[in-house]
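Have a look at coords_21.txt below; it lists compact mmCIF, C-alpha atoms.
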```
# COMPACT_ATOMS: atom_id res chain seq x y z
CA MET A 1 -55.70 39.51 -51.90
CA ALA A 2 -59.49 39.47 -51.46
CA LYS A 3 -59.67 36.10 -53.21
CA ILE A 4 -56.95 34.68 -50.96
CA ASP A 5 -58.76 35.90 -47.86
CA ASN A 6 -62.03 34.41 -49.09
CA ASP A 7 -60.28 31.11 -49.80
CA ASP A 8 -58.84 31.14 -46.29
CA ILE A 9 -62.26 31.83 -44.78
CA LEU A 10 -63.84 29.08 -46.87
CA LEU A 11 -61.12 26.58 -46.07
CA ARG A 12 -61.16 27.42 -42.38
CA SER A 13 -64.91 26.95 -42.08
CA LEU A 14 -64.81 23.73 -44.14
CA LEU A 15 -62.03 22.20 -42.06
CA LYS A 16 -63.62 23.23 -38.77
CA LYS A 17 -66.93 21.77 -39.81
CA GLU A 18 -65.78 18.51 -41.38
CA LEU A 19 -62.62 17.38 -39.58
CA PRO A 20 -63.23 14.95 -36.72
CA LYS A 21 -63.46 16.31 -33.24
CA PRO A 22 -62.34 14.30 -30.24
CA ALA A 23 -65.18 12.64 -28.33
CA ARG A 24 -65.79 13.82 -24.81
CA ASN A 25 -63.59 11.81 -22.46
CA GLN A 26 -64.47 12.33 -18.82
CA TRP A 27 -61.62 10.03 -17.74
CA PHE A 28 -58.84 11.75 -19.64
CA THR A 29 -57.69 14.01 -16.79
CA ARG A 30 -57.91 11.16 -14.27
CA ASN A 31 -55.83 8.93 -16.57
CA VAL A 32 -53.16 11.61 -16.91
CA ILE A 33 -52.98 12.19 -13.14
CA ASN A 34 -52.77 8.43 -12.50
CA ARG A 35 -49.86 8.14 -14.92
CA LEU A 36 -47.82 10.84 -13.20
CA PRO A 37 -44.85 9.49 -11.23
CA ALA A 38 -45.41 8.85 -7.53
CA ARG A 39 -44.98 11.83 -5.26
CA LYS A 40 -41.62 12.06 -3.57
CA GLN A 41 -41.86 11.84 0.20
CA SER A 42 -40.80 15.21 1.48
CA TYR A 43 -39.42 16.01 4.90
CA ALA A 44 -38.71 19.59 3.98
CA TRP A 45 -41.40 20.70 6.41
CA ILE A 46 -39.15 19.72 9.33
CA GLU A 47 -36.45 22.01 7.99
CA TYR A 48 -38.88 24.90 7.49
CA LEU A 49 -40.25 24.37 10.99
CA ALA A 50 -36.69 24.59 12.35
CA TYR A 51 -36.17 27.91 10.52
CA PHE A 52 -39.45 29.19 11.88
CA ILE A 53 -38.58 28.24 15.46
CA GLY A 54 -35.11 29.73 15.01
CA GLY A 55 -36.70 32.95 13.80
CA ILE A 56 -39.03 33.07 16.80
CA ILE A 57 -36.14 32.52 19.25
CA CYS A 58 -34.08 35.23 17.52
CA GLY A 59 -37.07 37.55 17.73
CA ILE A 60 -37.49 36.93 21.47
CA TYR A 61 -33.79 37.60 22.16
CA TRP A 62 -33.87 40.75 20.02
CA LYS A 63 -36.81 42.00 22.04
CA GLU A 64 -34.97 41.24 25.31
CA LEU A 65 -31.77 42.93 24.21
CA ILE A 66 -33.50 46.00 22.80
CA SER A 67 -35.56 46.50 25.97
CA ASN A 68 -32.37 46.26 28.13
CA PHE A 69 -30.25 48.32 25.75
CA SER A 70 -28.62 51.50 26.98
CA ILE A 71 -25.96 53.16 24.77
CA ALA A 72 -24.27 54.78 27.78
CA THR A 73 -23.63 51.51 29.60
CA ILE A 74 -22.97 48.98 26.84
CA THR A 75 -20.62 46.24 28.01
CA VAL A 76 -18.32 43.93 26.04
CA GLY A 77 -20.59 41.03 26.95
CA GLN A 78 -23.62 42.83 25.58
CA PHE A 79 -21.74 43.76 22.42
CA LEU A 80 -20.76 40.14 21.87
CA LYS A 81 -24.38 39.06 22.47
CA TYR A 82 -25.57 41.56 19.85
CA LEU A 83 -22.93 40.25 17.41
CA LEU A 84 -23.99 36.65 18.04
CA LEU A 85 -27.65 37.51 17.64
CA VAL A 86 -27.06 39.38 14.39
CA SER A 87 -25.09 36.39 13.02
CA ALA A 88 -27.76 33.92 14.14
CA THR A 89 -30.59 35.98 12.64
CA PHE A 90 -28.70 36.48 9.39
CA GLY A 91 -27.85 32.77 9.23
CA VAL A 92 -31.43 31.58 9.82
CA CYS A 93 -32.92 34.04 7.31
CA SER A 94 -30.31 33.26 4.63
CA LEU A 95 -30.73 29.49 4.97
CA ALA A 96 -34.53 29.77 4.87
CA LEU A 97 -34.41 31.97 1.76
CA TYR A 98 -31.85 29.72 0.09
CA ARG A 99 -34.01 26.61 0.63
CA ALA A 100 -37.12 28.42 -0.51
CA ILE A 101 -35.49 29.49 -3.78
CA ILE A 102 -33.25 26.50 -4.48
CA LYS A 103 -35.56 23.52 -3.94
CA ASP A 104 -34.27 19.95 -4.22
CA MET B 1 -61.55 29.79 -19.87
CA LEU B 2 -58.72 30.40 -17.39
CA GLY B 3 -57.36 33.91 -17.02
CA LYS B 4 -53.60 34.52 -17.18
CA ILE B 5 -53.29 35.18 -13.45
CA GLU B 6 -55.35 32.14 -12.51
CA GLU B 7 -53.24 30.03 -14.85
CA LEU B 8 -49.99 31.30 -13.31
CA ARG B 9 -51.39 30.60 -9.85
CA LEU B 10 -52.13 27.00 -10.82
CA ILE B 11 -48.69 26.56 -12.38
CA SER B 12 -47.06 27.99 -9.24
CA GLN B 13 -48.99 25.48 -7.13
CA CYS B 14 -47.74 22.65 -9.31
CA VAL B 15 -44.14 23.86 -9.07
CA LEU B 16 -44.07 24.71 -5.35
CA PHE B 17 -46.37 22.11 -3.84
CA ASP B 18 -46.59 19.32 -6.47
CA ASP B 19 -50.33 20.06 -6.48
CA ARG B 20 -51.91 17.44 -8.72
CA ASN B 21 -55.38 18.96 -8.39
CA ALA B 22 -54.08 22.26 -9.77
CA PHE B 23 -52.51 20.38 -12.67
CA GLY B 24 -55.80 18.57 -13.22
CA VAL B 25 -57.52 21.93 -13.75
CA LEU B 26 -54.92 22.83 -16.39
CA VAL B 27 -55.40 19.45 -18.10
CA GLU B 28 -59.17 19.97 -18.21
CA GLU B 29 -58.68 23.40 -19.73
CA TYR B 30 -56.42 22.32 -22.58
CA GLN B 31 -57.15 18.66 -23.19
CA VAL B 32 -59.76 19.19 -25.92
CA GLY B 33 -57.50 21.41 -27.99
CA ILE B 34 -54.47 19.15 -27.62
CA ARG B 35 -56.48 16.01 -28.38
CA ARG B 36 -58.02 17.61 -31.46
CA PHE B 37 -54.61 18.81 -32.65
CA LEU B 38 -53.14 15.32 -32.31
CA LEU B 39 -56.25 13.66 -33.76
CA ASN B 40 -55.80 15.66 -36.94
CA LEU B 41 -52.07 15.07 -37.07
CA THR B 42 -52.58 11.30 -36.72
CA MET B 43 -55.31 11.33 -39.36
CA GLY B 44 -58.12 10.36 -37.03
CA ASP B 45 -56.29 7.63 -35.06
CA VAL B 46 -58.19 8.01 -31.78
CA LEU B 47 -56.13 5.59 -29.68
CA LEU B 48 -52.81 6.98 -30.83
CA SER B 49 -53.89 10.60 -30.42
CA GLU B 50 -55.22 9.91 -26.90
CA ASP B 51 -51.94 8.25 -25.95
CA LEU B 52 -49.86 11.07 -27.40
CA ALA B 53 -52.08 13.62 -25.64
CA GLN B 54 -51.56 11.89 -22.30
CA GLU B 55 -47.80 11.76 -22.93
CA THR B 56 -47.91 15.48 -23.72
CA PHE B 57 -49.44 16.36 -20.37
CA ILE B 58 -47.17 14.01 -18.46
CA LYS B 59 -44.11 15.59 -20.09
CA ALA B 60 -45.55 19.02 -19.33
CA TYR B 61 -45.88 18.14 -15.65
CA LEU B 62 -42.40 16.68 -15.41
CA ASN B 63 -40.89 19.75 -17.07
CA ILE B 64 -43.19 22.40 -15.66
CA ARG B 65 -40.30 24.12 -13.88
CA SER B 66 -38.77 24.87 -17.26
CA PHE B 67 -41.84 26.90 -18.26
CA LYS B 68 -40.53 30.46 -18.11
CA GLY B 69 -43.81 32.25 -18.76
CA ILE B 70 -42.42 34.12 -21.76
CA SER B 71 -44.82 32.42 -24.14
CA LYS B 72 -48.33 31.40 -23.20
CA PHE B 73 -48.78 28.09 -21.41
CA LYS B 74 -50.99 26.93 -24.29
CA THR B 75 -48.22 27.62 -26.80
CA TRP B 76 -45.75 25.71 -24.62
CA LEU B 77 -48.16 22.76 -24.40
CA TYR B 78 -48.71 22.69 -28.13
CA ARG B 79 -44.95 22.71 -28.62
CA ILE B 80 -44.67 19.60 -26.45
CA ALA B 81 -47.56 17.94 -28.33
CA TYR B 82 -45.93 18.74 -31.66
CA ASN B 83 -42.61 17.28 -30.47
CA GLU B 84 -44.36 14.18 -29.13
CA PHE B 85 -45.96 13.60 -32.51
CA TYR B 86 -42.64 14.01 -34.29
CA ASP B 87 -40.86 11.71 -31.86
CA TRP B 88 -43.53 9.13 -32.62
CA THR B 89 -43.13 9.52 -36.40
CA ARG B 90 -39.37 9.06 -36.06
CA LYS B 91 -39.87 5.86 -34.13
CA ARG B 92 -42.35 4.52 -36.66
CA LYS B 93 -41.07 1.57 -38.66
CA GLU B 94 -43.22 2.21 -41.73
CA GLU B 95 -41.59 3.90 -44.73
CA ARG B 96 -44.65 6.08 -45.21
CA LEU B 97 -42.94 8.90 -43.18
CA ASP B 98 -43.56 12.24 -44.91
CA GLU B 99 -44.86 10.63 -48.06
CA THR B 100 -48.01 12.03 -49.50
CA ILE B 101 -50.84 10.00 -50.86
CA GLN B 102 -51.61 10.93 -54.43
CA ILE B 103 -55.20 11.85 -55.05
CA ASP B 104 -55.84 11.56 -58.77
CA GLU B 105 -59.34 12.86 -59.16
CA PRO B 106 -60.32 16.20 -57.71
CA ILE B 107 -63.62 16.03 -55.90
CA ASP B 108 -66.15 18.81 -55.93
CA SER B 109 -66.76 19.07 -52.19
CA VAL B 110 -69.73 21.44 -52.54
CA ASN B 111 -71.76 18.75 -54.24
CA SER B 112 -70.21 15.77 -52.54
CA ALA B 113 -72.53 13.87 -50.23
CA ASP B 114 -69.64 13.02 -47.93
CA ALA B 115 -67.74 16.21 -47.32
CA GLN B 116 -66.00 14.71 -44.33
CA ILE B 117 -64.30 12.06 -46.46
CA ASP B 118 -63.30 14.72 -48.96
CA VAL B 119 -61.71 16.79 -46.25
CA MET B 120 -59.97 13.73 -44.81
CA ASN B 121 -58.58 12.90 -48.25
CA CYS B 122 -57.49 16.48 -48.51
CA MET B 123 -55.58 16.22 -45.25
CA LYS B 124 -54.09 12.89 -46.29
CA SER B 125 -52.63 14.56 -49.35
CA LEU B 126 -50.44 16.68 -47.07
CA ASN B 127 -47.23 15.59 -45.42
CA ASP B 128 -46.86 15.66 -41.63
CA THR B 129 -45.35 19.14 -41.53
CA GLU B 130 -47.95 20.64 -43.84
CA ARG B 131 -50.73 18.98 -41.86
CA SER B 132 -49.33 20.41 -38.61
CA VAL B 133 -49.21 23.91 -40.02
CA VAL B 134 -52.70 23.67 -41.55
CA THR B 135 -54.17 22.32 -38.29
CA LEU B 136 -52.62 25.12 -36.27
CA PHE B 137 -53.55 27.86 -38.75
CA TYR B 138 -57.06 26.87 -39.73
CA LEU B 139 -58.36 24.86 -36.79
CA ASP B 140 -56.61 26.48 -33.84
CA ASP B 141 -56.61 29.98 -35.42
CA CYS B 142 -52.95 30.44 -34.54
CA GLN B 143 -51.08 33.44 -35.89
CA LEU B 144 -47.94 32.76 -37.91
CA LYS B 145 -45.72 33.89 -35.06
CA LYS B 146 -47.31 31.37 -32.72
CA ILE B 147 -46.96 28.59 -35.30
CA CYS B 148 -43.25 29.46 -35.53
CA GLU B 149 -42.94 29.16 -31.73
CA ILE B 150 -44.71 25.82 -31.68
CA THR B 151 -42.96 24.21 -34.64
CA GLY B 152 -39.58 25.87 -34.25
CA MET B 153 -39.58 26.80 -37.95
CA PRO B 154 -38.82 30.27 -39.32
CA GLU B 155 -41.77 32.34 -40.55
CA GLY B 156 -40.76 31.98 -44.19
CA THR B 157 -40.75 28.20 -43.92
CA VAL B 158 -44.16 28.18 -42.24
CA LYS B 159 -45.60 30.41 -44.97
CA SER B 160 -44.08 28.17 -47.58
CA HIS B 161 -45.62 25.02 -46.06
CA LEU B 162 -48.97 26.77 -45.73
CA SER B 163 -48.89 27.89 -49.32
CA ARG B 164 -48.00 24.40 -50.61
CA ALA B 165 -50.66 22.85 -48.41
CA LYS B 166 -53.32 25.22 -49.73
CA ALA B 167 -52.36 24.40 -53.30
CA LYS B 168 -52.61 20.65 -52.62
CA MET B 169 -55.93 21.03 -50.82
CA ALA B 170 -57.28 23.23 -53.59
CA LYS B 171 -56.35 20.54 -56.08
CA VAL B 172 -58.16 17.88 -54.09
CA LEU B 173 -61.19 19.97 -53.22
CA LYS B 174 -61.28 21.71 -56.60
CA TYR B 175 -62.14 25.19 -55.34
```
What do you get writing this file as structure tokens?
Amino acid sequence: MAKIDNDDILLRSLLKKELPKPARNQWFTRNVINRLPARKQSYAWIEYLAYFIGGIICGIYWKELISNFSIATITVGQFLKYLLLVSATFGVCSLALYRAIIKD
Amino acid sequence: MLGKIEELRLISQCVLFDDRNAFGVLVEEYQVGIRRFLLNLTMGDVLLSEDLAQETFIKAYLNIRSFKGISKFKTWLYRIAYNEFYDWTRKRKEERLDETIQIDEPIDSVNSADAQIDVMNCMKSLNDTERSVVTLFYLDDCQLKKICEITGMPEGTVKSHLSRAKAKMAKVLKY
């Protein structure tokens, strides 16, 4: 076993010393980047902006409804507004999450 | 040398934002190793090894979403480089595929004035698979498990190739 280990050490140092090493190539990275396919034009930012605006609007309405909320005097209209707002908030958040996770 | 977290950050930037600058940092980090690996596999063919190395990084970028982070990024890159080399050998028209060149006279490398030629002859005596395994084991200091991940061969097969390669090299180098 000691002989095998010594042989490995000898061989390793011989190969590392004598085998050719690649010359420094300052253009290699640039060449690789230039050969990458062209970037796809993305309009996803418009969609994300829409989700953001939707979230802000939902937030404003939530604030309004919570500040005017009174459990003793809740009306059918208010209940329906709450239901609509919950659906809208859930919809916006789900879509935004879905697009963020499942891209393209 | 990039840390694991820094590397994952760069990969995430490539995946999420198509950040070419982040990918450029990864290329700079690993290009020397990949180019050396391919240079030795192609027996010193600089143009071919440079082309294969570029193809390796391009393939890596195009498939970067398939990198699961289970193995190291370096191991994944080497796997692509290894596959690129083998795709090239399959496309080659020459019949020299996996043939070894017989070296009749063992050369005493300790006394030889041109040790580099001796070592090159030694590598030429190996077939493509043996040369891959030797390059990974001796030059890149890869553990057997990592060599198995890169080449897709079982550990027993890797050990067998390594053992045969050492015997051939010993015969050539006479040590």
Exercise. Please identify every residue of chain B that has at least one atom no more than 6 Å from any atom of chain A, counting all atoms listed in the file, and report them as a list in words.
Key: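 In the required form, that comes to Arg36, Gln54, Gln116, Tyr138 and Leu139 of chain B.
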For C-alpha atoms, I'd like the residues from the last selection saved as a compact mmCIF listing (two decimals), in the coordinates of the input.
```
# COMPACT_ATOMS: atom_id res chain seq x y z
CA ARG B 36 -58.02 17.61 -31.46
CA GLN B 54 -51.56 11.89 -22.30
CA GLN B 116 -66.00 14.71 -44.33
CA TYR B 138 -57.06 26.87 -39.73
CA LEU B 139 -58.36 24.86 -36.79
```
Quiz item: Can you tell me how far CA of Ala38 (chain A) sits from CA of Glu50 (chain B), in Å to one decimal?
Solution: 21.7 Å
Exercise. Find the distance between CA of Met153 (chain B) and CA of Asp51 (chain B) and write it in Å to one decimal.
Key: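 Taking CA of Met153 (chain B) as the start and CA of Asp51 (chain B) as the end point, the length is 25.3 Å.
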Quiz prompt | Between CA of Leu173 (chain B) and CA of Met120 (chain B), distance in Å (one decimal) | solution =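 For CA of Leu173 (chain B) relative to CA of Met120 (chain B), the distance reads 10.5 Å.
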Do a neighbour search on region 41-43 of chain B at 10 Å with only C-alpha atoms, toss out local chain neighbours closer than 6 positions, and write the hits as a CSV table (one decimal) with C-alpha atoms, in the frame of the given file.
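Saved result, around18.csv, follows:
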```csv
chain,number,residue,atom,x,y,z
A,19,LEU,CA,-62.6,17.4,-39.6
A,20,PRO,CA,-63.2,15.0,-36.7
B,35,ARG,CA,-56.5,16.0,-28.4
B,49,SER,CA,-53.9,10.6,-30.4
B,52,LEU,CA,-49.9,11.1,-27.4
B,82,TYR,CA,-45.9,18.7,-31.7
B,85,PHE,CA,-46.0,13.6,-32.5
B,86,TYR,CA,-42.6,14.0,-34.3
B,89,THR,CA,-43.1,9.5,-36.4
B,120,MET,CA,-60.0,13.7,-44.8
B,121,ASN,CA,-58.6,12.9,-48.2
B,123,MET,CA,-55.6,16.2,-45.2
B,124,LYS,CA,-54.1,12.9,-46.3
B,127,ASN,CA,-47.2,15.6,-45.4
B,128,ASP,CA,-46.9,15.7,-41.6
B,129,THR,CA,-45.4,19.1,-41.5
B,130,GLU,CA,-48.0,20.6,-43.8
B,131,ARG,CA,-50.7,19.0,-41.9
B,132,SER,CA,-49.3,20.4,-38.6
B,133,VAL,CA,-49.2,23.9,-40.0
B,134,VAL,CA,-52.7,23.7,-41.6
B,135,THR,CA,-54.2,22.3,-38.3
```
Practice problem: Would you mind listing what lies within 9 Å of region 65-67 of chain A as a list in words, with only C-alpha atoms counted and same-chain residues fewer than 6 positions away left out? | Solution: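 Here the qualifying residues turn out to be Gln78, Lys81 and Tyr82 of chain A.
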Let me have the centre and edge lengths in Å, one decimal, of the box along x, y and z around every listed atom of region 140-148 of chain B with 3 Å of margin on each side, as lines of an AutoDock Vina configuration file.
```
center_x = -49.9
center_y = 30.2
center_z = -35.3
size_x = 19.4
size_y = 13.4
size_z = 11.2
```
Self-check item: Best match for closeness to Ile57 (chain A) among A:Arg99, A:Asn6, A:Gly91, A:Leu85, counting only C-alpha atoms
Solution: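 Nearest candidate to Ile57 (chain A) out of A:Arg99, A:Asn6, A:Gly91, A:Leu85: A:Leu85.
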Practice problem: Would you list the contacts of Trp45 (chain A) as an NGL selection string, taking every protein, DNA or RNA residue within 12 Å and counting all atoms listed in the file, but skipping same-chain residues closer than 3 positions in sequence? | Solution: (:A and (41-42 or 48-52 or 96 or 99-100)) or (:B and (17))
Those same residues - C-alpha atoms - I'd like them written as a compact mmCIF listing (two decimals), in the coordinates of the input.
```txt
# COMPACT_ATOMS: atom_id res chain seq x y z
CA GLN A 41 -41.86 11.84 0.20
CA SER A 42 -40.80 15.21 1.48
CA TYR A 48 -38.88 24.90 7.49
CA LEU A 49 -40.25 24.37 10.99
CA ALA A 50 -36.69 24.59 12.35
CA TYR A 51 -36.17 27.91 10.52
CA PHE A 52 -39.45 29.19 11.88
CA ALA A 96 -34.53 29.77 4.87
CA ARG A 99 -34.01 26.61 0.63
CA ALA A 100 -37.12 28.42 -0.51
CA PHE B 17 -46.37 22.11 -3.84
```
Self-check item: Shell around Glu149 (chain B) at 12 Å using all atoms listed in the file, local window under 2 positions removed, as a ChimeraX atom specification
Solution: /B:70-80,82-83,133,136,142-147,151-155,158
Selection from above, C-alpha atoms, as a tab-separated table (two decimals), keeping the file's coordinate frame, can you write it?
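Once written, again.tsv looks like this:
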```
chain	number	residue	atom	x	y	z
B	70	ILE	CA	-42.42	34.12	-21.76
B	71	SER	CA	-44.82	32.42	-24.14
B	72	LYS	CA	-48.33	31.40	-23.20
B	73	PHE	CA	-48.78	28.09	-21.41
B	74	LYS	CA	-50.99	26.93	-24.29
B	75	THR	CA	-48.22	27.62	-26.80
B	76	TRP	CA	-45.75	25.71	-24.62
B	77	LEU	CA	-48.16	22.76	-24.40
B	78	TYR	CA	-48.71	22.69	-28.13
B	79	ARG	CA	-44.95	22.71	-28.62
B	80	ILE	CA	-44.67	19.60	-26.45
B	82	TYR	CA	-45.93	18.74	-31.66
B	83	ASN	CA	-42.61	17.28	-30.47
B	133	VAL	CA	-49.21	23.91	-40.02
B	136	LEU	CA	-52.62	25.12	-36.27
B	142	CYS	CA	-52.95	30.44	-34.54
B	143	GLN	CA	-51.08	33.44	-35.89
B	144	LEU	CA	-47.94	32.76	-37.91
B	145	LYS	CA	-45.72	33.89	-35.06
B	146	LYS	CA	-47.31	31.37	-32.72
B	147	ILE	CA	-46.96	28.59	-35.30
B	151	THR	CA	-42.96	24.21	-34.64
B	152	GLY	CA	-39.58	25.87	-34.25
B	153	MET	CA	-39.58	26.80	-37.95
B	154	PRO	CA	-38.82	30.27	-39.32
B	155	GLU	CA	-41.77	32.34	-40.55
B	158	VAL	CA	-44.16	28.18	-42.24
```
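Among the candidate residues B:Arg92, B:Ser125, B:Ser12, B:Thr56, the one lying nearest to Ile34 (chain B) is B:Thr56, with distances computed using all atoms listed in the file.
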Can region 2-29 of chain A be brought up to N, CA and C atoms and written out as a JSON list (two decimals), keeping the file's coordinate frame?
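Contents of the output file out24.json:
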```json
[["chain", "number", "residue", "atom", "x", "y", "z"],
["A", 2, "ALA", "N", -58.14, 39.77, -51.94],
["A", 2, "ALA", "CA", -59.49, 39.47, -51.46],
["A", 2, "ALA", "C", -59.84, 38.02, -51.73],
["A", 3, "LYS", "N", -59.37, 37.48, -52.88],
["A", 3, "LYS", "CA", -59.67, 36.10, -53.21],
["A", 3, "LYS", "C", -58.97, 35.17, -52.23],
["A", 4, "ILE", "N", -57.71, 35.50, -51.90],
["A", 4, "ILE", "CA", -56.95, 34.68, -50.96],
["A", 4, "ILE", "C", -57.64, 34.67, -49.61],
["A", 5, "ASP", "N", -58.08, 35.82, -49.14],
["A", 5, "ASP", "CA", -58.76, 35.90, -47.86],
["A", 5, "ASP", "C", -60.05, 35.10, -47.89],
["A", 6, "ASN", "N", -60.78, 35.17, -48.98],
["A", 6, "ASN", "CA", -62.03, 34.41, -49.09],
["A", 6, "ASN", "C", -61.73, 32.91, -49.08],
["A", 7, "ASP", "N", -60.67, 32.52, -49.78],
["A", 7, "ASP", "CA", -60.28, 31.11, -49.80],
["A", 7, "ASP", "C", -59.94, 30.64, -48.40],
["A", 8, "ASP", "N", -59.22, 31.49, -47.67],
["A", 8, "ASP", "CA", -58.84, 31.14, -46.29],
["A", 8, "ASP", "C", -60.09, 30.96, -45.43],
["A", 9, "ILE", "N", -61.03, 31.89, -45.58],
["A", 9, "ILE", "CA", -62.26, 31.83, -44.78],
["A", 9, "ILE", "C", -63.03, 30.56, -45.11],
["A", 10, "LEU", "N", -63.10, 30.27, -46.42],
["A", 10, "LEU", "CA", -63.84, 29.08, -46.87],
["A", 10, "LEU", "C", -63.18, 27.81, -46.35],
["A", 11, "LEU", "N", -61.87, 27.77, -46.50],
["A", 11, "LEU", "CA", -61.12, 26.58, -46.07],
["A", 11, "LEU", "C", -61.23, 26.38, -44.57],
["A", 12, "ARG", "N", -61.10, 27.48, -43.85],
["A", 12, "ARG", "CA", -61.16, 27.42, -42.38],
["A", 12, "ARG", "C", -62.52, 26.86, -41.94],
["A", 13, "SER", "N", -63.57, 27.39, -42.53],
["A", 13, "SER", "CA", -64.91, 26.95, -42.08],
["A", 13, "SER", "C", -65.17, 25.50, -42.50],
["A", 14, "LEU", "N", -64.65, 25.11, -43.68],
["A", 14, "LEU", "CA", -64.81, 23.73, -44.14],
["A", 14, "LEU", "C", -64.06, 22.75, -43.23],
["A", 15, "LEU", "N", -62.83, 23.09, -42.90],
["A", 15, "LEU", "CA", -62.03, 22.20, -42.06],
["A", 15, "LEU", "C", -62.62, 22.11, -40.65],
["A", 16, "LYS", "N", -63.05, 23.23, -40.12],
["A", 16, "LYS", "CA", -63.62, 23.23, -38.77],
["A", 16, "LYS", "C", -64.91, 22.41, -38.72],
["A", 17, "LYS", "N", -65.64, 22.47, -39.80],
["A", 17, "LYS", "CA", -66.93, 21.77, -39.81],
["A", 17, "LYS", "C", -66.75, 20.27, -40.02],
["A", 18, "GLU", "N", -65.82, 19.90, -40.93],
["A", 18, "GLU", "CA", -65.78, 18.51, -41.38],
["A", 18, "GLU", "C", -64.72, 17.63, -40.73],
["A", 19, "LEU", "N", -63.66, 18.23, -40.19],
["A", 19, "LEU", "CA", -62.62, 17.38, -39.58],
["A", 19, "LEU", "C", -63.14, 16.80, -38.27],
["A", 20, "PRO", "N", -62.70, 15.57, -37.95],
["A", 20, "PRO", "CA", -63.23, 14.95, -36.72],
["A", 20, "PRO", "C", -62.83, 15.70, -35.47],
["A", 21, "LYS", "N", -63.75, 15.70, -34.54],
["A", 21, "LYS", "CA", -63.46, 16.31, -33.24],
["A", 21, "LYS", "C", -63.33, 15.18, -32.21],
["A", 22, "PRO", "N", -62.49, 15.38, -31.22],
["A", 22, "PRO", "CA", -62.34, 14.30, -30.24],
["A", 22, "PRO", "C", -63.62, 14.14, -29.42],
["A", 23, "ALA", "N", -63.99, 12.89, -29.15],
["A", 23, "ALA", "CA", -65.18, 12.64, -28.33],
["A", 23, "ALA", "C", -64.90, 13.07, -26.89],
["A", 24, "ARG", "N", -65.95, 13.41, -26.22],
["A", 24, "ARG", "CA", -65.79, 13.82, -24.81],
["A", 24, "ARG", "C", -65.23, 12.63, -24.02],
["A", 25, "ASN", "N", -64.21, 12.88, -23.24],
["A", 25, "ASN", "CA", -63.59, 11.81, -22.46],
["A", 25, "ASN", "C", -63.46, 12.28, -21.02],
["A", 26, "GLN", "N", -64.43, 11.86, -20.21],
["A", 26, "GLN", "CA", -64.47, 12.33, -18.82],
["A", 26, "GLN", "C", -63.33, 11.73, -17.98],
["A", 27, "TRP", "N", -62.68, 10.69, -18.50],
["A", 27, "TRP", "CA", -61.62, 10.03, -17.74],
["A", 27, "TRP", "C", -60.23, 10.50, -18.14],
["A", 28, "PHE", "N", -60.15, 11.38, -19.12],
["A", 28, "PHE", "CA", -58.84, 11.75, -19.64],
["A", 28, "PHE", "C", -57.95, 12.35, -18.55],
["A", 29, "THR", "N", -58.48, 13.33, -17.83],
["A", 29, "THR", "CA", -57.69, 14.01, -16.79],
["A", 29, "THR", "C", -57.27, 13.01, -15.72]]
```
